[in-house]
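A.B. asks: For reference, the structure I am asking about is given below.
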Amino acid sequence: MRAKHVESYSERLERVVLHPLFHTRRGYYFFVLFLLAVVAWGFYAYYNQVRYGLTVTGMGDVVMYGFYIVNFVFFIGISYAGALVSAILRLTKAGWRTPITRIAELIAVGGLTDGAIQPIIDLGRPDRVWHIFAYGRFQSPLLWDIIAIITYLVGSFIYLYLPLIPDFALIRDRLGQGGSSFKRRFYTLFALGWRNGVEQRQRLEKAIGIMAILIIPLAVSVHTVVAFIFSTTLRPGWNSTIYGIYFVIGAVFSGTAVLLIAIAIFRKIYHLEEYITEKHFRNLGYLLLVLLLTYFYLTFTEYLTIGYKLEAGEKELLQLVVLGKNAPWFWLFFISSIVVPAVLIIFSRRKTIPLVVTASVLVVIGMWLKRFIIVVPTLQVPLMPFEFGTYTPTWVEISIGAATLAGFVLMFTLAAKFIPSISMWEVTSESGGEPPAGEGRAK
Amino acid sequence: MPGKNLSRRDFIKWSAGAVGFLAVGFSPLMSLLSRVKASDSASQTMPDEKRRAWCMVIDLKKCDGCVTIGTTPQCTEACIAAHFVPRGQQWIQVYQVELPGGGSYFMPTPCFQCENAPCVNVCPVAATYQNKDGIVLIDHRRCIGCRLCMAACPYQRRFFNWGAPELPPEAAFAEYSPLYPVPAVKGTVIKCMFCAHLLPHGKLPFCVSGCPMKALYMGDLNEDIASNGAEVVQLSKFLGENDAYRYKEELGTQPRVWYLPGHGQTFGRKADDPRTFKPATWQWGTERRRPEIFP
């Protein structure tokens, strides 16, 4: 019999996870300020673009898409982390996923919002965006995109929010008389009167179950129709039947890599070592390897089939990508996204976390380059005799791209202060109130 | 048995629902199919007005890129002057194309006004459309500037007003219409529209009347007739006898511009003629500038 109170598993979970919601270090504010500055700079760049028109970008009549569309594909791709982890792993009953679902869904919502605004930034007439709703034509792949992205965004928000309800209720109850009245009102409002009753719980579980199934076709549809924007044109490279699945796999691939980076950062900063364990990195690392090999297979198929035939336009594209102007980016993608990460993950038995996270960073960089390789070189291929396209991004495009990335990070940074980064009630019920055998690490 | 009755009723209900769902789901496809058909049965939809099917024939035997007269391409120049075309855009552009045995020929390229136009298919707001005479037009009051049509065009015949167009002052007096898109609108796509504002008045497009070699013919597929301003030809016979072809026919876009092969031989230009092509010029506008970080 010990006199000292021994902290139970759920109590410790609560203490660790809720700590960042009530304690903020000074460095945090500096970081937020820095991110806000980058975003503000992006707004200044966009102000320039609205004032002078798209002439401030590096795009031209031949290469009429650039960084914005690259970032569009990239950020929409990242959002797949949410669909993958929260939905697929839930349906396959992979219990280990529970502590990372919240972060995955945050990535989904953040990536989608960031991605969805890119085509609007790219518009020549942003003042006429409402025309899409007033005069929208269902024949246009762009309309498919808008419908799919909005649906997936709403779905992702719901899927992020549903498991938050019990956690918000818990915070509401813990706040008691402490905390500002704004905080109390916020959590009371969004806890929707959750009392943790049996019926409430059943309904919530059911709703989450339905969303888990719904979110998968939604996610697949989104990147498929993003691919259709390209593959419904008669351009070399884009004129391809493989693009739908190629984009979907590429999205899950880069999404998983971003998820690995995000959980590593959250784990480190908010001391979640007990919940986000080496096992997560190992499992997600292997998943990343499988996706990497699939993506390599699809890339190989794509280039072999066009390279074998060397049809006029495709030949010029292939030369541009593999040997010509864009070859450095292509081979950098190949090394950074395929070769090195594969080696790192295969030999990651010891030092799992650093190696897998390094591989993920390389994958994300390489996959951005791959999106550049998909969008820009195809447009550089001359469709008419003797017209070679050039594209050099200007400071406006780079600034807006940087602001987009900063906005993505900022969203996480802010969310970490009012959303528990781990779904506490799910982790507790998963472990039955006790740490799972062999996984917990006593503090 | 009530159970059986119920299941039959359910069956009917569900199949009706499924048919309804499929009908709703496929109705956009049906409208696509019917739109393609509409262009064939011309007279039914427009009983009062004569329906045209405007097309162009470009005789490359007569096109010498204006090198034998030592000027810039006169079709492009006429087009620029008449439409106040912003600097850098060549709605009708003359390309110099290499011949397999050495030498070159000249190829003027207006918008091909494709019957199966990829640009019209992808426009999200119906800002680009085909009028009843088969000309692909753009409504610059509706265009949102997404440039998907430019990506879709396999002939690079569309241009974008990247900034506020720099035009001569007289352009401001023009009355805008999709048939005569002057003055150009910032942030929208623009292109050749076969001078759709002149055709109903029996006038030839500016490039056709501006060509000193009379290499361009404007025609009507329905009337089976074409003219370059100097002579009138029977279109079908003219195309057949001169081995007419359409550019990138294999894409299935069904362009309404035909080429008659040649390299300007009618005016004595040899394929390996050393005289060089002079690019078109503008009286207005400046080279595209990009602002510094602190403009």
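Ligands are numbered from 1 in the order shown, residues from 1 within each chain, and chains are lettered A, B, ... in the order they appear in the structure tokens.
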Can you pull out every residue within 10 Å of B:Ala53, counting only C-alpha atoms, but drop anything in the same chain fewer than 6 positions away, and send it as an MDAnalysis selection string?

C.D. replies: chainID B and resid 39 42 115 132:135 219:224 256

A.B. asks: If you keep N, CA and C atoms, can you produce a file of those selected residues as an mmCIF file, in the first residue's frame?

C.D. replies:
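Once written, out14.cif looks like this:
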data_model
loop_
_atom_site.group_PDB
_atom_site.id
_atom_site.type_symbol
_atom_site.label_atom_id
_atom_site.label_comp_id
_atom_site.auth_asym_id
_atom_site.auth_seq_id
_atom_site.Cartn_x
_atom_site.Cartn_y
_atom_site.Cartn_z
ATOM 1 N N SER B 39 -25.162 20.106 -84.515
ATOM 2 C CA SER B 39 -24.421 20.769 -85.579
ATOM 3 C C SER B 39 -24.699 20.135 -86.938
ATOM 4 N N ALA B 42 -28.677 21.241 -89.159
ATOM 5 C CA ALA B 42 -28.587 22.683 -89.012
ATOM 6 C C ALA B 42 -29.939 23.359 -89.217
ATOM 7 N N GLU B 115 -14.727 21.722 -85.144
ATOM 8 C CA GLU B 115 -16.110 21.315 -84.905
ATOM 9 C C GLU B 115 -16.206 20.568 -83.581
ATOM 10 N N LYS B 132 -23.998 29.632 -84.063
ATOM 11 C CA LYS B 132 -24.765 28.771 -84.964
ATOM 12 C C LYS B 132 -24.038 28.522 -86.282
ATOM 13 N N ASP B 133 -23.099 29.399 -86.613
ATOM 14 C CA ASP B 133 -22.354 29.208 -87.854
ATOM 15 C C ASP B 133 -21.071 28.414 -87.647
ATOM 16 N N GLY B 134 -20.896 27.889 -86.461
ATOM 17 C CA GLY B 134 -19.752 27.020 -86.210
ATOM 18 C C GLY B 134 -18.484 27.760 -85.848
ATOM 19 N N ILE B 135 -18.573 29.038 -85.533
ATOM 20 C CA ILE B 135 -17.377 29.777 -85.131
ATOM 21 C C ILE B 135 -17.244 29.713 -83.613
ATOM 22 N N GLY B 219 -14.744 30.435 -96.862
ATOM 23 C CA GLY B 219 -15.766 29.633 -97.510
ATOM 24 C C GLY B 219 -16.920 29.278 -96.599
ATOM 25 N N ASP B 220 -17.942 28.708 -97.228
ATOM 26 C CA ASP B 220 -19.110 28.243 -96.490
ATOM 27 C C ASP B 220 -19.350 26.805 -96.920
ATOM 28 N N LEU B 221 -19.232 25.874 -95.966
ATOM 29 C CA LEU B 221 -19.377 24.461 -96.305
ATOM 30 C C LEU B 221 -20.797 24.142 -96.760
ATOM 31 N N ASN B 222 -21.770 24.849 -96.231
ATOM 32 C CA ASN B 222 -23.156 24.571 -96.609
ATOM 33 C C ASN B 222 -23.445 25.015 -98.038
ATOM 34 N N GLU B 223 -22.913 26.176 -98.413
ATOM 35 C CA GLU B 223 -23.129 26.686 -99.771
ATOM 36 C C GLU B 223 -22.133 26.097 -100.748
ATOM 37 N N ASP B 224 -21.097 25.428 -100.214
ATOM 38 C CA ASP B 224 -20.039 24.830 -101.024
ATOM 39 C C ASP B 224 -19.361 25.868 -101.914
ATOM 40 N N ARG B 256 -11.889 23.551 -89.113
ATOM 41 C CA ARG B 256 -12.561 24.118 -90.290
ATOM 42 C C ARG B 256 -11.581 24.945 -91.115
#

A.B. asks: When you get a sec, could you note down which chain A residues fall within 8 Å of chain B, using only C-alpha atoms, as a PyMOL selection string?

C.D. replies: chain A and resi 52-57+60-62+64+119+122-126+128-129+131-132+135-143+232-235+379+383-386+395

A.B. asks: Convert the current residue selection to file output with C-alpha atoms, as a CSV table (one decimal), in the first residue's frame.

C.D. replies:
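part15.csv was written with the following content:
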chain,number,residue,atom,x,y,z
A,52,TYR,CA,-1.1,44.3,-62.4
A,53,GLY,CA,-2.6,41.0,-63.5
A,54,LEU,CA,-1.0,37.6,-64.0
A,55,THR,CA,1.7,39.4,-66.0
A,56,VAL,CA,3.7,39.5,-62.7
A,57,THR,CA,4.1,35.7,-62.9
A,60,GLY,CA,3.1,32.9,-70.7
A,61,ASP,CA,0.9,32.0,-73.6
A,62,VAL,CA,2.8,28.8,-74.2
A,64,MET,CA,0.2,28.9,-69.2
A,119,PRO,CA,-6.6,27.6,-58.7
A,122,ASP,CA,-4.2,31.2,-60.6
A,123,LEU,CA,-7.4,32.8,-62.1
A,124,GLY,CA,-7.0,35.7,-64.4
A,125,ARG,CA,-10.3,37.1,-63.0
A,126,PRO,CA,-10.7,36.2,-59.4
A,128,ARG,CA,-15.5,36.4,-61.3
A,129,VAL,CA,-15.2,33.2,-59.3
A,131,HIS,CA,-19.4,32.6,-62.5
A,132,ILE,CA,-18.6,29.0,-61.7
A,135,TYR,CA,-22.9,29.5,-65.2
A,136,GLY,CA,-21.1,26.2,-64.3
A,137,ARG,CA,-21.1,23.6,-67.0
A,138,PHE,CA,-20.9,20.0,-65.9
A,139,GLN,CA,-18.9,19.0,-69.1
A,140,SER,CA,-15.9,20.8,-67.8
A,141,PRO,CA,-13.4,18.8,-65.7
A,142,LEU,CA,-12.8,22.0,-63.7
A,143,LEU,CA,-16.4,21.7,-62.4
A,232,THR,CA,-8.7,15.3,-70.8
A,233,THR,CA,-6.4,17.4,-73.0
A,234,LEU,CA,-4.6,16.5,-76.2
A,235,ARG,CA,-1.1,17.3,-74.8
A,379,LEU,CA,3.5,22.7,-71.7
A,383,LEU,CA,2.5,22.1,-80.3
A,384,MET,CA,3.2,24.3,-83.4
A,385,PRO,CA,6.4,24.4,-85.4
A,386,PHE,CA,9.3,26.1,-83.6
A,395,TRP,CA,9.2,36.4,-56.9

A.B. asks: Just the alpha helix (DSSP H) stuff from stretch 138-233 of chain A, please, per backbone DSSP, written as a ChimeraX atom specification.

C.D. replies: /A:141-161,164-175,181-190,198-231

A.B. asks: Can you pull out the residues contacting A:Gly197? Cut-off 12 Å, using only C-alpha atoms, and skip same-chain residues under 5 positions away; I want them as JSON, numbers by chain.

C.D. replies: {"A": [166, 169, 202, 203, 204]}

A.B. asks: Go ahead and save the picked residues with N, CA and C atoms, as an mmCIF file, in the first residue's frame.

C.D. replies:
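Listing of part-v4.cif after writing:
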data_model
loop_
_atom_site.group_PDB
_atom_site.id
_atom_site.type_symbol
_atom_site.label_atom_id
_atom_site.label_comp_id
_atom_site.auth_asym_id
_atom_site.auth_seq_id
_atom_site.Cartn_x
_atom_site.Cartn_y
_atom_site.Cartn_z
ATOM 1 N N PRO A 166 -16.158 14.270 -27.986
ATOM 2 C CA PRO A 166 -15.904 13.822 -26.605
ATOM 3 C C PRO A 166 -14.686 14.509 -25.980
ATOM 4 N N ALA A 169 -15.692 17.889 -24.870
ATOM 5 C CA ALA A 169 -16.503 17.764 -23.655
ATOM 6 C C ALA A 169 -15.605 17.564 -22.443
ATOM 7 N N GLN A 202 -22.842 5.334 -28.857
ATOM 8 C CA GLN A 202 -23.191 4.448 -29.965
ATOM 9 C C GLN A 202 -23.408 5.251 -31.246
ATOM 10 N N ARG A 203 -24.126 6.351 -31.087
ATOM 11 C CA ARG A 203 -24.428 7.167 -32.273
ATOM 12 C C ARG A 203 -23.152 7.735 -32.868
ATOM 13 N N LEU A 204 -22.274 8.188 -32.009
ATOM 14 C CA LEU A 204 -21.023 8.763 -32.501
ATOM 15 C C LEU A 204 -20.204 7.708 -33.241
#

A.B. asks: Got a sec: who's within 7 Å of stretch 266-277 of chain B, counting only C-alpha atoms, leaving out chain neighbours fewer than 2 positions off, as a PDB file with N, CA and C atoms, in the first residue's frame?

C.D. replies:
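File written: part_25.pdb
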ATOM      1  N   LYS B  61       0.683  27.078-101.745  1.00  0.00           N
ATOM      2  CA  LYS B  61       1.432  27.353-102.978  1.00  0.00           C
ATOM      3  C   LYS B  61       1.578  28.854-103.179  1.00  0.00           C
ATOM      4  N   LYS B  62       0.554  29.570-102.692  1.00  0.00           N
ATOM      5  CA  LYS B  62       0.568  31.019-102.872  1.00  0.00           C
ATOM      6  C   LYS B  62       1.163  31.759-101.679  1.00  0.00           C
ATOM      7  N   ASP B  64       3.942  32.883 -99.444  1.00  0.00           N
ATOM      8  CA  ASP B  64       5.403  32.946 -99.444  1.00  0.00           C
ATOM      9  C   ASP B  64       5.912  33.631 -98.181  1.00  0.00           C
ATOM     10  N   GLY B  65       5.036  33.732 -97.172  1.00  0.00           N
ATOM     11  CA  GLY B  65       5.437  34.411 -95.931  1.00  0.00           C
ATOM     12  C   GLY B  65       5.763  35.874 -96.159  1.00  0.00           C
ATOM     13  N   VAL B  67       7.931  37.020 -98.039  1.00  0.00           N
ATOM     14  CA  VAL B  67       9.370  37.283 -98.193  1.00  0.00           C
ATOM     15  C   VAL B  67       9.692  37.783 -99.594  1.00  0.00           C
ATOM     16  N   GLY B 102      14.837  19.514 -97.066  1.00  0.00           N
ATOM     17  CA  GLY B 102      15.512  20.802 -96.910  1.00  0.00           C
ATOM     18  C   GLY B 102      14.603  21.924 -97.366  1.00  0.00           C
ATOM     19  N   GLY B 103      14.925  23.140 -96.976  1.00  0.00           N
ATOM     20  CA  GLY B 103      14.074  24.263 -97.325  1.00  0.00           C
ATOM     21  C   GLY B 103      12.877  24.337 -96.398  1.00  0.00           C
ATOM     22  N   SER B 104      11.963  25.238 -96.728  1.00  0.00           N
ATOM     23  CA  SER B 104      10.848  25.467 -95.806  1.00  0.00           C
ATOM     24  C   SER B 104       9.625  25.944 -96.558  1.00  0.00           C
ATOM     25  N   TYR B 105       8.504  25.876 -95.893  1.00  0.00           N
ATOM     26  CA  TYR B 105       7.304  26.511 -96.414  1.00  0.00           C
ATOM     27  C   TYR B 105       6.678  27.329 -95.299  1.00  0.00           C
ATOM     28  N   HIS B 263       4.814  25.633-101.233  1.00  0.00           N
ATOM     29  CA  HIS B 263       5.812  26.437-100.532  1.00  0.00           C
ATOM     30  C   HIS B 263       5.968  27.799-101.203  1.00  0.00           C
ATOM     31  N   GLY B 264       4.886  28.341-101.732  1.00  0.00           N
ATOM     32  CA  GLY B 264       4.953  29.660-102.350  1.00  0.00           C
ATOM     33  C   GLY B 264       5.433  29.622-103.789  1.00  0.00           C
ATOM     34  N   PRO B 279       9.180  39.119 -88.792  1.00  0.00           N
ATOM     35  CA  PRO B 279       8.049  38.956 -87.856  1.00  0.00           C
ATOM     36  C   PRO B 279       7.150  40.186 -87.805  1.00  0.00           C
TER      37      PRO B 279
END

A.B. asks: If you measure from atom CA of A:Val376 to atom CA of A:Glu302, what distance in Å do you get, rounded to one decimal?

C.D. replies: 16.8 Å

A.B. asks: I'd like the neighbourhood of A:Pro163 as a ChimeraX atom specification, where a residue qualifies if any of its atoms comes within 10 Å (using only C-alpha atoms), though same-chain residues fewer than 6 positions away should be ignored.

C.D. replies: /A:101-102,204-205,207-208,423-426

A.B. asks: Within 9 Å of B:Gln254, counting only C-alpha atoms, which residues qualify if same-chain residues fewer than 2 places away don't, as a VMD selection string?

C.D. replies: chain B and resid 112 to 117 246 249 to 252 256 to 257

A.B. asks: Kindly save the residues from that selection, with N, CA and C atoms included, as a compact mmCIF listing (two decimals), in the first residue's frame.

C.D. replies:
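Saved result, out.txt, follows:
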# COMPACT_ATOMS: atom_id res chain seq x y z
N PHE B 112 -8.52 27.40 -85.68
CA PHE B 112 -9.04 26.44 -86.64
C PHE B 112 -10.54 26.20 -86.51
N GLN B 113 -11.20 26.85 -85.55
CA GLN B 113 -12.66 26.76 -85.37
C GLN B 113 -13.11 25.30 -85.42
N CYS B 114 -12.46 24.45 -84.64
CA CYS B 114 -12.74 23.01 -84.66
C CYS B 114 -14.23 22.73 -84.43
N GLU B 115 -14.73 21.72 -85.14
CA GLU B 115 -16.11 21.31 -84.90
C GLU B 115 -16.21 20.57 -83.58
N ASN B 116 -15.22 19.70 -83.31
CA ASN B 116 -15.14 19.04 -82.01
C ASN B 116 -14.09 19.80 -81.21
N ALA B 117 -14.47 20.99 -80.75
CA ALA B 117 -13.47 21.90 -80.20
C ALA B 117 -13.11 21.53 -78.76
N ARG B 246 -6.04 18.78 -93.42
CA ARG B 246 -6.25 19.59 -92.22
C ARG B 246 -5.12 19.28 -91.24
N GLU B 249 -5.03 16.26 -88.35
CA GLU B 249 -6.33 15.62 -88.60
C GLU B 249 -6.57 14.46 -87.63
N GLU B 250 -5.48 13.77 -87.26
CA GLU B 250 -5.62 12.54 -86.47
C GLU B 250 -6.16 12.80 -85.06
N LEU B 251 -6.15 14.06 -84.63
CA LEU B 251 -6.65 14.35 -83.29
C LEU B 251 -8.17 14.30 -83.21
N GLY B 252 -8.81 14.34 -84.36
CA GLY B 252 -10.27 14.27 -84.36
C GLY B 252 -10.95 15.56 -83.96
N ARG B 256 -11.89 23.55 -89.11
CA ARG B 256 -12.56 24.12 -90.29
C ARG B 256 -11.58 24.95 -91.11
N VAL B 257 -10.33 24.58 -91.06
CA VAL B 257 -9.32 25.22 -91.89
C VAL B 257 -8.60 24.13 -92.68

A.B. asks: Using only C-alpha atoms, which protein or nucleic acid residues come within 12 Å of B:Ala82? Drop anything in the same chain fewer than 5 positions from it, and give the result as a list in words.

C.D. replies: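 Residues near the query, excluding close chain neighbours: Gln74, Cys75, Thr76, Glu77, Trp91, Pro168, Glu170, Ala171, Ala174, Tyr180, Pro181, Val182, Pro183, Cys192, Cys195, His197, Leu198, Pro205, Phe206, Cys207, Ser209, Gly210 and Trp282 of chain B.
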
A.B. asks: My list of candidates is A:Ala108, A:Tyr275, A:Ala40, A:Arg185. Which is closest to A:Ile158 when distances are computed with only C-alpha atoms?

C.D. replies: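 Residue with the minimum atom-to-atom distance to A:Ile158: A:Ala108.
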
A.B. asks: With distances taken over only C-alpha atoms, which residue among B:Gly285, B:Pro100, B:Pro178, B:Pro110 lies nearest B:Ile138?

C.D. replies: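 Nearest to B:Ile138: B:Pro178.
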